[in-house]
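Source file: my_file27.cif (mmCIF, C-alpha atoms)
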data_protein
loop_
_atom_site.label_atom_id
_atom_site.label_comp_id
_atom_site.auth_asym_id
_atom_site.auth_seq_id
_atom_site.Cartn_x
_atom_site.Cartn_y
_atom_site.Cartn_z
CA MET X 1255 -11.53 -5.23 -26.60
CA ARG X 1256 -7.90 -4.41 -27.01
CA THR X 1257 -8.72 -0.73 -27.47
CA SER X 1258 -10.79 -0.69 -24.32
CA ARG X 1259 -7.88 -2.21 -22.43
CA ILE X 1260 -5.53 0.47 -23.71
CA VAL X 1261 -8.06 3.17 -22.83
CA ALA X 1262 -8.41 1.65 -19.37
CA ALA X 1263 -4.64 1.56 -18.94
CA VAL X 1264 -4.20 5.17 -20.03
CA LEU X 1265 -7.09 6.27 -17.84
CA GLY X 1266 -5.61 4.30 -14.97
CA ALA X 1267 -2.21 5.90 -15.49
CA MET X 1268 -3.80 9.35 -15.41
CA LEU X 1269 -5.70 8.55 -12.26
CA ALA X 1270 -2.79 6.77 -10.65
CA ALA X 1271 -0.48 9.71 -11.25
CA GLY X 1272 -1.83 11.31 -8.11
CA ALA X 1273 -1.93 8.11 -6.14
CA PRO X 1274 1.49 7.36 -4.71
CA ILE X 1275 1.76 4.10 -2.92
CA ALA X 1276 4.20 2.19 -0.77
CA ALA X 1277 6.23 4.22 1.72
CA HIS X 1278 5.98 3.31 5.33
CA HIS X 1279 6.32 6.91 6.41
CA SER X 1280 6.46 10.31 4.82
CA PHE X 1281 9.70 11.53 3.28
CA ALA X 1282 9.24 15.18 4.16
CA ALA X 1283 8.85 14.66 7.90
CA GLU X 1284 12.32 13.16 8.11
CA PHE X 1285 14.31 14.38 5.10
CA ASP X 1286 14.77 17.71 3.35
CA GLY X 1287 13.93 17.74 -0.35
CA SER X 1288 15.85 20.98 -0.80
CA LYS X 1289 19.09 19.38 0.36
CA PRO X 1290 20.21 16.83 -2.23
CA VAL X 1291 23.49 15.12 -1.53
CA THR X 1292 25.85 12.96 -3.59
CA LEU X 1293 27.96 10.61 -1.52
CA ARG X 1294 30.93 8.64 -2.85
CA GLY X 1295 31.81 6.01 -0.36
CA THR X 1296 32.48 2.44 0.58
CA ILE X 1297 29.87 0.12 1.97
CA THR X 1298 30.53 -0.93 5.56
CA LYS X 1299 27.24 -2.64 6.32
CA MET X 1300 23.77 -3.25 4.92
CA GLU X 1301 20.96 -3.74 7.41
CA TRP X 1302 18.23 -5.77 5.72
CA THR X 1303 15.61 -4.58 8.17
CA ASN X 1304 11.96 -3.61 7.94
CA PRO X 1305 10.24 -1.34 7.34
CA HIS X 1306 13.35 0.20 5.79
CA ALA X 1307 16.75 -1.18 4.95
CA TRP X 1308 19.73 0.93 6.04
CA LEU X 1309 22.93 1.09 4.07
CA HIS X 1310 26.01 2.26 5.97
CA ILE X 1311 28.85 3.85 4.02
CA ASP X 1312 32.15 5.50 4.84
CA VAL X 1313 32.70 8.70 2.93
CA LYS X 1314 36.11 10.37 2.68
CA GLY X 1315 35.85 14.16 2.77
CA ALA X 1316 38.08 16.69 0.99
CA ASP X 1317 40.15 16.93 4.17
CA GLY X 1318 40.78 13.20 4.09
CA LYS X 1319 38.58 12.58 7.10
CA VAL X 1320 36.30 9.55 6.88
CA VAL X 1321 32.71 10.14 7.92
CA SER X 1322 30.09 7.41 8.33
CA TRP X 1323 26.71 7.93 6.70
CA MET X 1324 23.46 5.99 6.96
CA ILE X 1325 21.26 5.72 3.88
CA GLU X 1326 17.61 4.83 4.23
CA GLY X 1327 16.36 2.38 1.63
CA GLY X 1328 13.09 0.66 0.81
CA ALA X 1329 11.78 -2.47 2.47
CA PRO X 1330 13.94 -5.58 1.98
CA ASN X 1331 11.23 -7.40 0.03
CA ALA X 1332 10.82 -4.42 -2.30
CA LEU X 1333 14.59 -4.15 -2.81
CA LEU X 1334 14.94 -7.86 -3.46
CA ARG X 1335 12.21 -7.77 -6.10
CA ARG X 1336 13.95 -4.76 -7.65
CA GLY X 1337 17.25 -6.59 -8.08
CA TRP X 1338 19.13 -5.89 -4.88
CA ASN X 1339 20.81 -8.81 -3.12
CA ARG X 1340 23.59 -9.57 -0.68
CA GLU X 1341 26.23 -9.43 -3.43
CA SER X 1342 25.21 -6.00 -4.69
CA VAL X 1343 25.93 -4.44 -1.29
CA ALA X 1344 28.96 -6.42 -0.10
CA PRO X 1345 31.12 -4.53 2.42
CA GLY X 1346 34.00 -2.79 0.69
CA THR X 1347 32.02 -2.02 -2.47
CA ALA X 1348 32.62 1.51 -3.75
CA ILE X 1349 29.35 3.22 -4.62
CA VAL X 1350 27.86 6.59 -5.41
CA VAL X 1351 24.60 7.46 -3.67
CA GLN X 1352 22.21 10.22 -4.67
CA GLY X 1353 19.99 11.19 -1.79
CA PHE X 1354 18.50 13.88 0.39
CA ARG X 1355 19.80 14.90 3.80
CA ALA X 1356 18.04 14.36 7.11
CA ARG X 1357 16.30 17.43 8.48
CA ASP X 1358 18.08 17.16 11.83
CA GLY X 1359 21.44 17.68 10.10
CA SER X 1360 22.91 14.32 11.07
CA ASN X 1361 24.76 12.13 8.59
CA ARG X 1362 21.69 10.37 7.39
CA ALA X 1363 20.07 10.53 3.98
CA SER X 1364 17.14 9.14 2.12
CA GLY X 1365 18.66 7.08 -0.68
CA GLY X 1366 17.73 7.35 -4.34
CA ASP X 1367 19.83 6.07 -7.21
CA VAL X 1368 22.91 4.08 -6.26
CA THR X 1369 25.66 3.56 -8.84
CA LEU X 1370 27.56 0.31 -8.44
CA PRO X 1371 31.22 -0.22 -9.50
CA ASP X 1372 30.15 -1.68 -12.87
CA GLY X 1373 28.15 1.45 -13.62
CA LYS X 1374 24.85 -0.26 -13.01
CA LYS X 1375 22.30 1.95 -11.29
CA LEU X 1376 19.79 0.65 -8.80
CA PHE X 1377 17.14 2.60 -6.97
CA ILE X 1378 17.39 1.96 -3.25
CA GLY X 1379 14.66 4.27 -1.99
CA SER X 1380 11.07 3.79 -1.03
CA THR X 1381 8.47 4.64 -3.59
CA GLY X 1382 5.75 7.21 -3.17
CA THR X 1383 7.36 8.97 -0.25
CA GLY X 1384 7.05 12.38 -1.81
CA ALA X 1385 10.81 12.58 -2.32
CA PRO X 1386 11.76 14.88 -5.21
CA GLY X 1387 12.18 13.05 -8.51
CA ASP X 1388 11.20 9.89 -6.75
CA ALA X 1389 11.26 7.40 -9.59
CA GLY X 1390 11.07 4.41 -7.40
CA GLY X 1391 11.46 0.91 -8.60
CA LYS X 1392 11.75 1.77 -12.24
CA LYS X 1393 12.98 -1.31 -13.99
CA MET M 7 -33.49 -0.03 -49.89
CA LYS M 8 -31.41 -2.93 -51.04
CA ALA M 9 -28.29 -1.01 -50.07
CA LEU M 10 -29.78 -0.16 -46.69
CA THR M 11 -30.62 -3.83 -46.04
CA ALA M 12 -27.09 -4.82 -47.01
CA LEU M 13 -25.72 -2.16 -44.69
CA VAL M 14 -27.90 -3.33 -41.78
CA ILE M 15 -26.94 -6.95 -42.40
CA SER M 16 -23.25 -6.13 -42.61
CA MET M 17 -23.45 -4.03 -39.43
CA ALA M 18 -25.28 -6.82 -37.61
CA PHE M 19 -22.66 -9.28 -38.84
CA ALA M 20 -19.86 -6.99 -37.67
CA ALA M 21 -21.53 -6.64 -34.29
CA PHE M 22 -21.90 -10.43 -34.08
CA VAL M 23 -18.23 -10.96 -34.96
CA ALA M 24 -17.16 -8.35 -32.39
CA ALA M 25 -19.36 -9.91 -29.72
CA ALA M 26 -18.07 -13.38 -30.54
CA ALA M 27 -14.49 -12.13 -30.37
CA GLN M 28 -15.12 -10.72 -26.91
CA GLN M 29 -16.69 -13.86 -25.55
CA GLN M 30 -14.28 -16.08 -23.74
CA PRO M 31 -14.99 -19.77 -23.99
CA ALA M 32 -16.91 -20.70 -20.86
CA LYS M 33 -14.61 -22.54 -18.51
CA ALA M 34 -16.18 -25.06 -16.23
CA TRP M 35 -14.93 -24.02 -12.82
CA THR M 36 -16.28 -25.48 -9.66
CA GLN M 37 -15.63 -24.00 -6.26
CA PRO M 38 -13.22 -26.43 -4.59
CA ARG M 39 -13.92 -27.45 -1.01
CA THR M 40 -11.77 -28.24 1.99
CA PRO M 41 -12.00 -31.76 3.49
CA ASP M 42 -14.47 -30.44 6.09
CA GLY M 43 -16.66 -28.92 3.37
CA GLN M 44 -15.79 -25.21 3.50
CA PRO M 45 -15.44 -23.38 0.19
CA ASP M 46 -11.68 -23.49 -0.36
CA LEU M 47 -10.09 -20.03 -0.48
CA GLN M 48 -6.62 -21.30 0.39
CA GLY M 49 -3.54 -20.07 -1.36
CA ILE M 50 -1.36 -17.03 -1.80
CA TRP M 51 -3.15 -13.96 -3.09
CA THR M 52 -1.93 -10.46 -3.98
CA ASN M 53 -3.72 -7.15 -4.23
CA TYR M 54 -1.60 -5.17 -6.71
CA THR M 55 -3.66 -2.52 -8.37
CA SER M 56 -3.22 0.69 -10.28
CA THR M 57 -6.72 1.85 -9.51
CA PRO M 58 -6.78 4.79 -7.08
CA PHE M 59 -8.45 4.34 -3.72
CA GLU M 60 -10.86 7.24 -4.21
CA VAL M 61 -11.93 9.08 -7.35
CA PRO M 62 -9.56 12.08 -7.42
CA ASP M 63 -11.03 15.52 -6.80
CA SER M 64 -9.63 18.91 -7.74
CA GLY M 65 -9.69 19.90 -4.07
CA ASP M 66 -7.42 17.01 -3.06
CA LYS M 67 -4.00 17.80 -1.63
CA PRO M 68 -1.94 14.70 -2.44
CA ASP M 69 1.34 16.27 -1.26
CA PHE M 70 -0.22 17.06 2.08
CA TYR M 71 -1.76 13.60 2.48
CA ALA M 72 1.64 12.08 1.68
CA GLY M 73 3.06 14.00 4.64
CA ASP M 74 4.54 17.15 3.13
CA VAL M 75 4.81 18.77 6.55
CA ASP M 76 6.15 22.19 5.63
CA GLY M 77 4.37 22.82 2.33
CA THR M 78 7.51 22.64 0.23
CA GLY M 79 5.42 20.72 -2.26
CA ARG M 80 8.05 18.40 -3.51
CA GLY M 81 5.65 16.23 -5.45
CA THR M 82 4.05 12.98 -4.56
CA GLY M 83 6.44 10.55 -6.12
CA PRO M 84 5.82 8.12 -8.89
CA SER M 85 2.56 6.78 -10.09
CA SER M 86 1.69 3.40 -8.78
CA PHE M 87 2.92 1.91 -12.07
CA LEU M 88 6.46 2.61 -10.93
CA THR M 89 6.63 0.52 -7.82
CA ASP M 90 8.46 -2.71 -7.21
CA THR M 91 5.47 -4.70 -8.35
CA SER M 92 5.87 -6.63 -11.54
CA ASP M 93 2.23 -6.96 -12.36
CA ARG M 94 -0.09 -3.98 -12.23
CA LYS M 95 -3.76 -4.47 -12.50
CA LEU M 96 -6.75 -2.24 -12.83
CA THR M 97 -10.18 -2.90 -11.47
CA LYS M 98 -13.21 -2.26 -13.65
CA ALA M 99 -14.24 0.68 -11.45
CA LYS M 100 -12.67 4.14 -11.48
CA SER M 101 -11.76 3.78 -7.82
CA LEU M 102 -11.56 1.07 -5.18
CA VAL M 103 -14.27 2.95 -3.28
CA VAL M 104 -17.39 1.85 -5.15
CA ASP M 105 -20.05 3.17 -2.80
CA PRO M 106 -21.07 5.97 -2.59
CA PRO M 107 -21.08 6.04 -6.41
CA THR M 108 -19.03 9.26 -6.33
CA GLY M 109 -16.08 7.11 -5.23
CA ARG M 110 -15.51 9.47 -2.30
CA VAL M 111 -15.50 8.40 1.34
CA PRO M 112 -18.08 10.42 3.32
CA ILE M 113 -15.69 11.66 6.04
CA MET M 114 -17.03 14.06 8.66
CA PRO M 115 -15.17 17.41 8.82
CA TRP M 116 -13.99 16.89 12.42
CA ALA M 117 -12.26 13.65 11.39
CA GLU M 118 -10.46 15.46 8.55
CA GLU M 119 -9.33 18.05 11.08
CA VAL M 120 -7.91 15.30 13.30
CA ARG M 121 -6.06 13.90 10.28
CA ASN M 122 -4.74 17.35 9.37
CA TYR M 123 -3.51 17.88 12.91
CA ARG M 124 -1.78 14.50 12.93
CA LEU M 125 -0.08 15.13 9.60
CA THR M 126 1.10 18.63 10.50
CA HIS M 127 2.27 17.66 14.00
CA ILE M 128 3.94 14.37 13.16
CA GLN M 129 7.34 15.78 14.19
CA ASP M 130 5.99 16.70 17.61
CA ASP M 131 4.62 13.52 19.17
CA TRP M 132 4.67 9.81 18.44
CA VAL M 133 0.89 9.62 18.96
CA ASN M 134 0.45 11.48 15.67
CA PHE M 135 1.93 8.62 13.68
CA THR M 136 -0.41 6.02 12.20
CA PRO M 137 -0.39 2.56 13.81
CA TRP M 138 1.45 1.31 10.73
CA GLU M 139 4.25 3.85 11.15
CA ARG M 140 4.41 2.74 14.77
CA CYS M 141 4.58 -0.89 13.59
CA ILE M 142 1.47 -1.86 15.53
CA THR M 143 -0.87 -2.83 12.70
CA ARG M 144 -2.15 -1.70 9.32
CA GLY M 145 -5.59 -2.42 10.69
CA VAL M 146 -8.59 -4.49 9.73
CA PRO M 147 -9.79 -4.01 7.07
CA GLY M 148 -7.07 -1.40 6.28
CA GLY M 149 -4.38 -4.06 6.12
CA ILE M 150 -5.86 -5.42 2.92
CA PHE M 151 -5.93 -2.06 1.12
CA PRO M 152 -3.17 -2.01 -1.52
CA ALA M 153 0.09 -0.40 -0.41
CA GLY M 154 2.27 -1.21 -3.43
CA TYR M 155 4.67 -3.61 -1.77
CA GLY M 156 4.39 -6.40 0.78
CA SER M 157 1.22 -7.25 -1.10
CA GLY M 158 0.90 -10.96 -0.30
CA TYR M 159 -1.89 -12.61 1.69
CA GLN M 160 -1.93 -16.31 2.51
CA ILE M 161 -5.28 -17.85 3.35
CA LEU M 162 -5.29 -21.09 5.32
CA GLN M 163 -8.32 -23.00 6.52
CA GLY M 164 -8.92 -25.60 9.18
CA PRO M 165 -12.07 -26.91 10.81
CA GLY M 166 -13.88 -23.90 12.27
CA TYR M 167 -11.30 -21.33 11.21
CA VAL M 168 -10.08 -19.24 8.33
CA ALA M 169 -6.63 -17.74 8.89
CA ILE M 170 -5.13 -14.93 6.83
CA VAL M 171 -1.42 -14.21 7.02
CA TYR M 172 -0.67 -10.64 5.94
CA GLU M 173 2.82 -10.15 4.49
CA MET M 174 2.69 -6.54 5.67
CA ILE M 175 3.24 -6.16 8.57
CA HIS M 176 3.40 -9.91 9.14
CA GLU M 177 0.09 -10.06 10.86
CA ALA M 178 -1.89 -13.27 11.27
CA ARG M 179 -5.62 -12.97 11.48
CA MET M 180 -7.73 -15.79 12.92
CA ILE M 181 -11.37 -15.78 11.84
CA PRO M 182 -13.62 -18.29 13.59
CA VAL M 183 -16.36 -19.63 11.30
CA ASP M 184 -18.01 -21.85 13.89
CA GLY M 185 -20.91 -19.60 14.78
CA ARG M 186 -19.53 -18.25 18.04
CA PRO M 187 -20.75 -14.80 19.07
CA HIS M 188 -18.68 -11.61 19.24
CA LEU M 189 -16.60 -11.05 22.37
CA GLY M 190 -18.93 -8.30 23.55
CA PRO M 191 -18.57 -4.56 24.12
CA SER M 192 -16.15 -4.79 27.03
CA PHE M 193 -13.37 -5.98 24.70
CA ARG M 194 -11.78 -3.23 22.61
CA LEU M 195 -9.09 -4.25 20.13
CA TRP M 196 -6.96 -2.44 17.55
CA ASN M 197 -8.25 -4.77 14.86
CA GLY M 198 -11.65 -5.51 16.35
CA ASP M 199 -13.11 -8.93 16.74
CA SER M 200 -13.70 -10.90 13.51
CA ARG M 201 -16.48 -13.47 13.22
CA GLY M 202 -16.97 -15.35 9.97
CA ARG M 203 -19.79 -17.30 8.39
CA TRP M 204 -20.44 -18.81 4.99
CA ASP M 205 -23.12 -17.28 2.80
CA GLY M 206 -23.15 -19.88 0.02
CA ASN M 207 -19.58 -19.81 -1.26
CA THR M 208 -18.90 -16.35 0.19
CA LEU M 209 -16.98 -15.89 3.42
CA VAL M 210 -18.69 -13.07 5.30
CA VAL M 211 -16.70 -11.57 8.17
CA ASP M 212 -18.34 -9.26 10.67
CA ILE M 213 -15.95 -7.09 12.68
CA THR M 214 -16.81 -5.07 15.78
CA GLY M 215 -15.16 -4.38 19.12
CA TYR M 216 -12.61 -1.85 17.92
CA ASN M 217 -10.75 0.57 20.15
CA ASP M 218 -10.70 4.25 19.22
CA LYS M 219 -6.93 4.48 18.89
CA GLY M 220 -6.52 3.19 15.36
CA THR M 221 -7.00 4.70 11.95
CA VAL M 222 -9.19 3.24 9.26
CA ALA M 223 -6.39 3.41 6.67
CA THR M 224 -2.67 3.88 7.10
CA ASN M 225 -0.84 3.86 3.80
CA VAL M 226 -0.21 6.75 1.43
CA ALA M 227 -2.17 5.08 -1.39
CA THR M 228 -5.35 5.67 0.60
CA GLN M 229 -4.62 9.41 0.28
CA ARG M 230 -7.35 11.49 1.97
CA VAL M 231 -8.50 8.56 4.11
CA ARG M 232 -5.06 7.91 5.58
CA ALA M 233 -4.85 8.76 9.29
CA ILE M 234 -8.60 9.31 9.60
CA PRO M 235 -9.51 8.23 13.14
CA GLN M 236 -11.79 5.34 14.03
CA SER M 237 -14.25 5.21 16.91
CA GLU M 238 -15.44 2.31 19.03
CA GLN M 239 -18.54 2.29 16.83
CA LEU M 240 -16.58 1.18 13.78
CA HIS M 241 -18.22 -1.82 12.16
CA ALA M 242 -16.95 -3.57 9.05
CA VAL M 243 -18.36 -6.43 7.01
CA GLU M 244 -16.04 -8.15 4.58
CA ARG M 245 -17.06 -10.53 1.81
CA PHE M 246 -14.59 -12.90 0.16
CA THR M 247 -16.01 -14.65 -2.93
CA ARG M 248 -13.81 -16.86 -5.06
CA VAL M 249 -15.14 -16.31 -8.56
CA ASP M 250 -12.66 -18.48 -10.43
CA GLU M 251 -9.47 -20.42 -9.88
CA ASN M 252 -7.34 -17.28 -9.71
CA THR M 253 -9.61 -14.54 -8.37
CA ILE M 254 -11.30 -13.66 -5.12
CA ASP M 255 -13.68 -10.73 -5.26
CA TYR M 256 -13.11 -8.85 -2.02
CA GLU M 257 -15.58 -6.32 -0.67
CA VAL M 258 -15.82 -4.46 2.59
CA THR M 259 -18.53 -2.18 3.88
CA ILE M 260 -17.40 0.22 6.58
CA GLU M 261 -19.61 2.20 8.90
CA ASP M 262 -18.70 4.40 11.81
CA PRO M 263 -21.48 6.88 12.60
CA LYS M 264 -19.06 9.06 14.57
CA VAL M 265 -16.64 9.39 11.67
CA PHE M 266 -18.54 8.91 8.39
CA THR M 267 -21.88 10.40 7.39
CA SER M 268 -22.90 7.12 5.71
CA PRO M 269 -21.49 3.62 5.18
CA TRP M 270 -19.03 3.19 2.31
CA LYS M 271 -17.74 0.25 0.39
CA VAL M 272 -14.44 -0.84 -1.14
CA ALA M 273 -14.35 -3.56 -3.81
CA MET M 274 -11.29 -5.10 -5.44
CA PRO M 275 -10.00 -8.42 -6.68
CA LEU M 276 -7.35 -10.53 -4.99
CA HIS M 277 -5.22 -12.42 -7.51
CA ARG M 278 -3.91 -15.93 -6.89
CA GLU M 279 -0.15 -16.03 -7.25
CA PRO M 280 1.10 -19.44 -6.10
CA ASP M 281 4.73 -18.54 -6.86
CA TYR M 282 4.68 -15.31 -4.87
CA GLN M 283 6.77 -15.57 -1.74
CA LEU M 284 5.73 -13.85 1.45
CA PHE M 285 8.77 -12.27 3.08
CA GLU M 286 9.16 -11.63 6.76
CA TYR M 287 8.34 -8.05 7.70
CA ALA M 288 9.70 -7.57 11.22
CA CYS M 289 8.41 -4.01 11.30
CA HIS M 290 10.10 -2.69 14.42
CA GLU M 291 13.53 -4.04 13.63
CA GLY M 292 14.57 -1.06 11.52
CA ASN M 293 11.84 1.42 12.32
CA ARG M 294 14.01 4.48 12.83
CA ALA M 295 11.42 6.69 11.17
CA VAL M 296 9.72 7.58 14.45
CA PRO M 297 12.82 8.80 16.36
CA ASN M 298 14.30 10.36 13.22
CA THR M 299 11.11 12.31 12.49
CA LEU M 300 10.89 13.51 16.09
CA SER M 301 14.57 14.45 15.90
CA ALA M 302 13.81 16.48 12.75
CA GLY M 303 11.13 18.30 14.76
CA ARG M 304 13.55 19.13 17.56
CA ALA M 305 16.06 20.45 15.00
CA ARG M 306 13.25 22.64 13.61
CA ASP M 307 12.45 23.93 17.12
CA ARG M 308 16.07 24.97 17.65
CA LYS M 309 16.07 27.16 14.53
#
Represent the structure from my file as C-alpha cells, please.
Amino acid sequence: MRTSRIVAAVLGAMLAAGAPIAAHHSFAAEFDGSKPVTLRGTITKMEWTNPHAWLHIDVKGADGKVVSWMIEGGAPNALLRRGWNRESVAPGTAIVVQGFRARDGSNRASGGDVTLPDGKKLFIGSTGTGAPGDAGGKK
Amino acid sequence: MKALTALVISMAFAAFVAAAAQQQPAKAWTQPRTPDGQPDLQGIWTNYTSTPFEVPDSGDKPDFYAGDVDGTGRGTGPSSFLTDTSDRKLTKAKSLVVDPPTGRVPIMPWAEEVRNYRLTHIQDDWVNFTPWERCITRGVPGGIFPAGYGSGYQILQGPGYVAIVYEMIHEARMIPVDGRPHLGPSFRLWNGDSRGRWDGNTLVVDITGYNDKGTVATNVATQRVRAIPQSEQLHAVERFTRVDENTIDYEVTIEDPKVFTSPWKVAMPLHREPDYQLFEYACHEGNRAVPNTLSAGRARDRK
C-alpha cells in the first residue's frame, strides 16, 4: 500500500514535471528571460492587487541617481500562503530582488527571489510562468 | 507435496494479511441533507492536484503552450509540486482527462491552429488573450480545472438553487435546481446557462447557451487545451457526487462538434477543507499584463 503510494507519487512527479500550473499570463510575452537583473533598493510601496501584486522599489544607480522600479509578483493569496505579509514589505525596507527585465525596456521586472534585511529569502514571483529557473513557492 | 501445500498456505495467508492491511474499516457515512431535502454539498472545497490535465505526449510543446512567444525555450517552470499549495494530491488516473482512455482531448486541427495563432500573436492584439488573462472569466467548466492557486470553491444551497463561489476569479455561479428549462438559443453567454437536477445524490448540471468568444480552458496547467476556442454548440454536463464527508467526485463531459471530434471527460476529486479561506480576487485591479504584453510587442516592432 505504502509502496504503491510512493510509486504513484514518483510517477506523478514525473508526469507533473511538464505540467506547470498557476500563472495568470505567460512570462515570455512580457518579460525577457535572457535579461536577468539584480536590483538593490528600498521598498516604496506594495500593491496587493490581483492577478499580480506589484512591488515598487527605489534603486540608487552608480551615478547616485534614484530610479523607481516595479516588480511583478504572484497573486496576493499565493504570496500570503507562501509567507509574505504586510510587515515583510514595509516601505523603507532594503531588499535585493532577482528578476528579469520587461521586454519593452521600461523599469519593470518579473520578480523571483527577494532577500530581506535579515537574510531571509522569499520567492515573490508567479509559478509556472515559464520564467528561467522558476522555482516558485518552494518552502 | 507437503512443502508445496505449506508454501500455498503461507502464500494465501500472506495475501490475506496484505488484503486485510489494505482494507480500511468501513465508516458509516450517510449523505447529509439540507433542510429542504437536497443532498448537502455545502462547504469549502479545493481542487489541488499533481495529476496532469492530459497524458503527456512526446509531440507536446509545453514551452509553447505556456506562452514562449519567441521560441527562446526558457523552460516551463516548476512542477506542480512546487506551487504555493500546501497539500498536493494525485488522482487515481494518469490524467484528469479520463475519456477518451488515451487521456488526450480530441481537438480538431483547425482549433489547434487558432490556439497557435493566439499564442504567437498575443503581443499584437488583446483579443488573443484568454478570457482569464482579460479578467472576464475562467469559464464553465474551465473555472474548476486546477490552476495551482486560488483553488477554493464554496458551495451554498438554498431552496431551488445551488450556488458555487469560485475563489478564482471571484465568480459566483447560480445553478437553479427547480426544473426550469434552459434560456433558449437566443441567449449566448460566456459561461453558458446552467440547469441543475438531482440524480439520486448526484447534482447533474447541464450547460448550453454559450457564446463563441470564450475558450474551453484558460490556465497553463491545461497545456495543449489552453486557449482552444469554443463554439455556440458547446455543451457540458457536470456531475457532483459527494462520496464521503470530505470528498466530492467531480466529472464533466464536454462536447462541441465544431471543435472536438468526440466528447471527452474530465474526472477529479474536490477535497473538503473547512479551514481554507477564500481570498478576494479582484482580477482587473492589478491586471497590467495586457498593456505590458502589448507594449512588449510594440517594442519588438520598433527593433
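Remark: for chain X, the closest of the candidate residues M:Ala233, M:Val226, M:Val183, M:Val133 is M:Val226 (distances computed over only C-alpha atoms).
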Please expand the PyMOL selection byres ((chain M and resi 243) around 8) into the concrete residues it hits in this file, giving the result as a PyMOL selection string. chain M and resi 210-213+241-242+244-245+258-260
Given the file shown, determine the residues that the PyMOL selection byres ((chain M and resi 257) around 12) selects; report them as a PyMOL selection string. chain M and resi 102-105+147+150-151+208-211+242-248+254-256+258-260+270-276
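Minimum atom-to-atom distances from M:Ile234, M:Ile181, M:Leu125, M:Ala169 to chain X were compared using all atoms listed in the file, and the lowest value belongs to M:Leu125.
The interatomic distance for the pair atom CA of M:Arg278 and atom CA of M:Asn252 works out to 4.6 Å.
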For a test of reading the model, state the distance in Å between atom CA of M:Gly164 and atom CA of M:Gly149, rounded to one decimal. 22.2 Å
Evaluate the PyMOL selection byres ((chain M and resi 142) around 10) here and jot the selected residues down as a count of residues only. 15
In Å to one decimal, how far is atom CA of M:Arg194 from atom CA of M:Gln236? 12.1 Å
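Restricting the calculation to all atoms listed in the file, the smallest distance between M:Met114 and any of M:Gly166, M:Pro235, M:Gly303, M:Pro41 is found for M:Pro235.
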Find the residues near stretch 1363-1380 of chain X: any atom within 8 Å, counting all atoms listed in the file, skip ones fewer than 5 places away on the same chain, and give them as a VMD selection string. chain X and resid 1276 to 1277 1281 1285 1291 1323 to 1329 1333 1337 to 1338 1342 1347 to 1356 1388 1390 to 1392
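Each of X:Glu1341, X:Glu1284, X:Asp1312, X:Glu1301 was checked against chain M using all atoms listed in the file; the smallest atom-to-atom distance is that of X:Glu1284.
Distances from X:Asn1361, X:Asn1339, X:Ser1280, X:Ser1288 to X:Ala1307 were compared using only C-alpha atoms, and the smallest one belongs to X:Asn1339.
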Residue nearest chain M among X:Gly1318, X:Pro1345, X:Pro1330, X:Pro1305 (counting only C-alpha atoms): X:Pro1305
Show me the residues close to (-18.8, -19.2, 18.6) - anything with an atom within 12 Å, counting all atoms listed in the file - and format the list as a PyMOL selection string. chain M and resi 166-167+181-190+199-203
Take stretch 1297-1310 of chain X from the block and save it with N, CA and C atoms, as a PDB file, in the first residue's frame.
ATOM      1  N   ILE X1297      11.988  49.567  -0.534  1.00  0.00           N
ATOM      2  CA  ILE X1297      10.570  49.459  -0.875  1.00  0.00           C
ATOM      3  C   ILE X1297       9.876  50.809  -0.685  1.00  0.00           C
ATOM      4  N   THR X1298       9.125  51.232  -1.705  1.00  0.00           N
ATOM      5  CA  THR X1298       8.316  52.441  -1.545  1.00  0.00           C
ATOM      6  C   THR X1298       6.837  52.088  -1.397  1.00  0.00           C
ATOM      7  N   LYS X1299       6.440  50.991  -2.021  1.00  0.00           N
ATOM      8  CA  LYS X1299       5.015  50.639  -1.967  1.00  0.00           C
ATOM      9  C   LYS X1299       4.837  49.189  -2.401  1.00  0.00           C
ATOM     10  N   MET X1300       3.883  48.506  -1.781  1.00  0.00           N
ATOM     11  CA  MET X1300       3.493  47.178  -2.259  1.00  0.00           C
ATOM     12  C   MET X1300       2.013  47.266  -2.623  1.00  0.00           C
ATOM     13  N   GLU X1301       1.701  46.912  -3.850  1.00  0.00           N
ATOM     14  CA  GLU X1301       0.292  46.862  -4.269  1.00  0.00           C
ATOM     15  C   GLU X1301      -0.174  45.417  -4.170  1.00  0.00           C
ATOM     16  N   TRP X1302      -1.045  45.158  -3.204  1.00  0.00           N
ATOM     17  CA  TRP X1302      -1.581  43.799  -3.018  1.00  0.00           C
ATOM     18  C   TRP X1302      -2.766  43.601  -3.967  1.00  0.00           C
ATOM     19  N   THR X1303      -2.480  43.600  -5.253  1.00  0.00           N
ATOM     20  CA  THR X1303      -3.576  43.526  -6.219  1.00  0.00           C
ATOM     21  C   THR X1303      -3.550  42.193  -6.971  1.00  0.00           C
ATOM     22  N   ASN X1304      -4.700  41.845  -7.496  1.00  0.00           N
ATOM     23  CA  ASN X1304      -4.822  40.665  -8.361  1.00  0.00           C
ATOM     24  C   ASN X1304      -4.855  41.111  -9.804  1.00  0.00           C
ATOM     25  N   PRO X1305      -4.491  40.280 -10.727  1.00  0.00           N
ATOM     26  CA  PRO X1305      -3.990  38.915 -10.524  1.00  0.00           C
ATOM     27  C   PRO X1305      -2.529  38.862 -10.080  1.00  0.00           C
ATOM     28  N   HIS X1306      -1.867  40.017 -10.097  1.00  0.00           N
ATOM     29  CA  HIS X1306      -0.467  40.046  -9.659  1.00  0.00           C
ATOM     30  C   HIS X1306      -0.241  41.204  -8.707  1.00  0.00           C
ATOM     31  N   ALA X1307       0.524  40.941  -7.667  1.00  0.00           N
ATOM     32  CA  ALA X1307       0.967  42.011  -6.781  1.00  0.00           C
ATOM     33  C   ALA X1307       2.103  42.763  -7.476  1.00  0.00           C
ATOM     34  N   TRP X1308       2.248  44.030  -7.132  1.00  0.00           N
ATOM     35  CA  TRP X1308       3.355  44.829  -7.692  1.00  0.00           C
ATOM     36  C   TRP X1308       4.111  45.512  -6.560  1.00  0.00           C
ATOM     37  N   LEU X1309       5.399  45.228  -6.530  1.00  0.00           N
ATOM     38  CA  LEU X1309       6.268  45.809  -5.522  1.00  0.00           C
ATOM     39  C   LEU X1309       7.030  46.961  -6.169  1.00  0.00           C
ATOM     40  N   HIS X1310       6.963  48.127  -5.536  1.00  0.00           N
ATOM     41  CA  HIS X1310       7.666  49.302  -6.072  1.00  0.00           C
ATOM     42  C   HIS X1310       8.915  49.538  -5.231  1.00  0.00           C
TER      43      HIS X1310
END
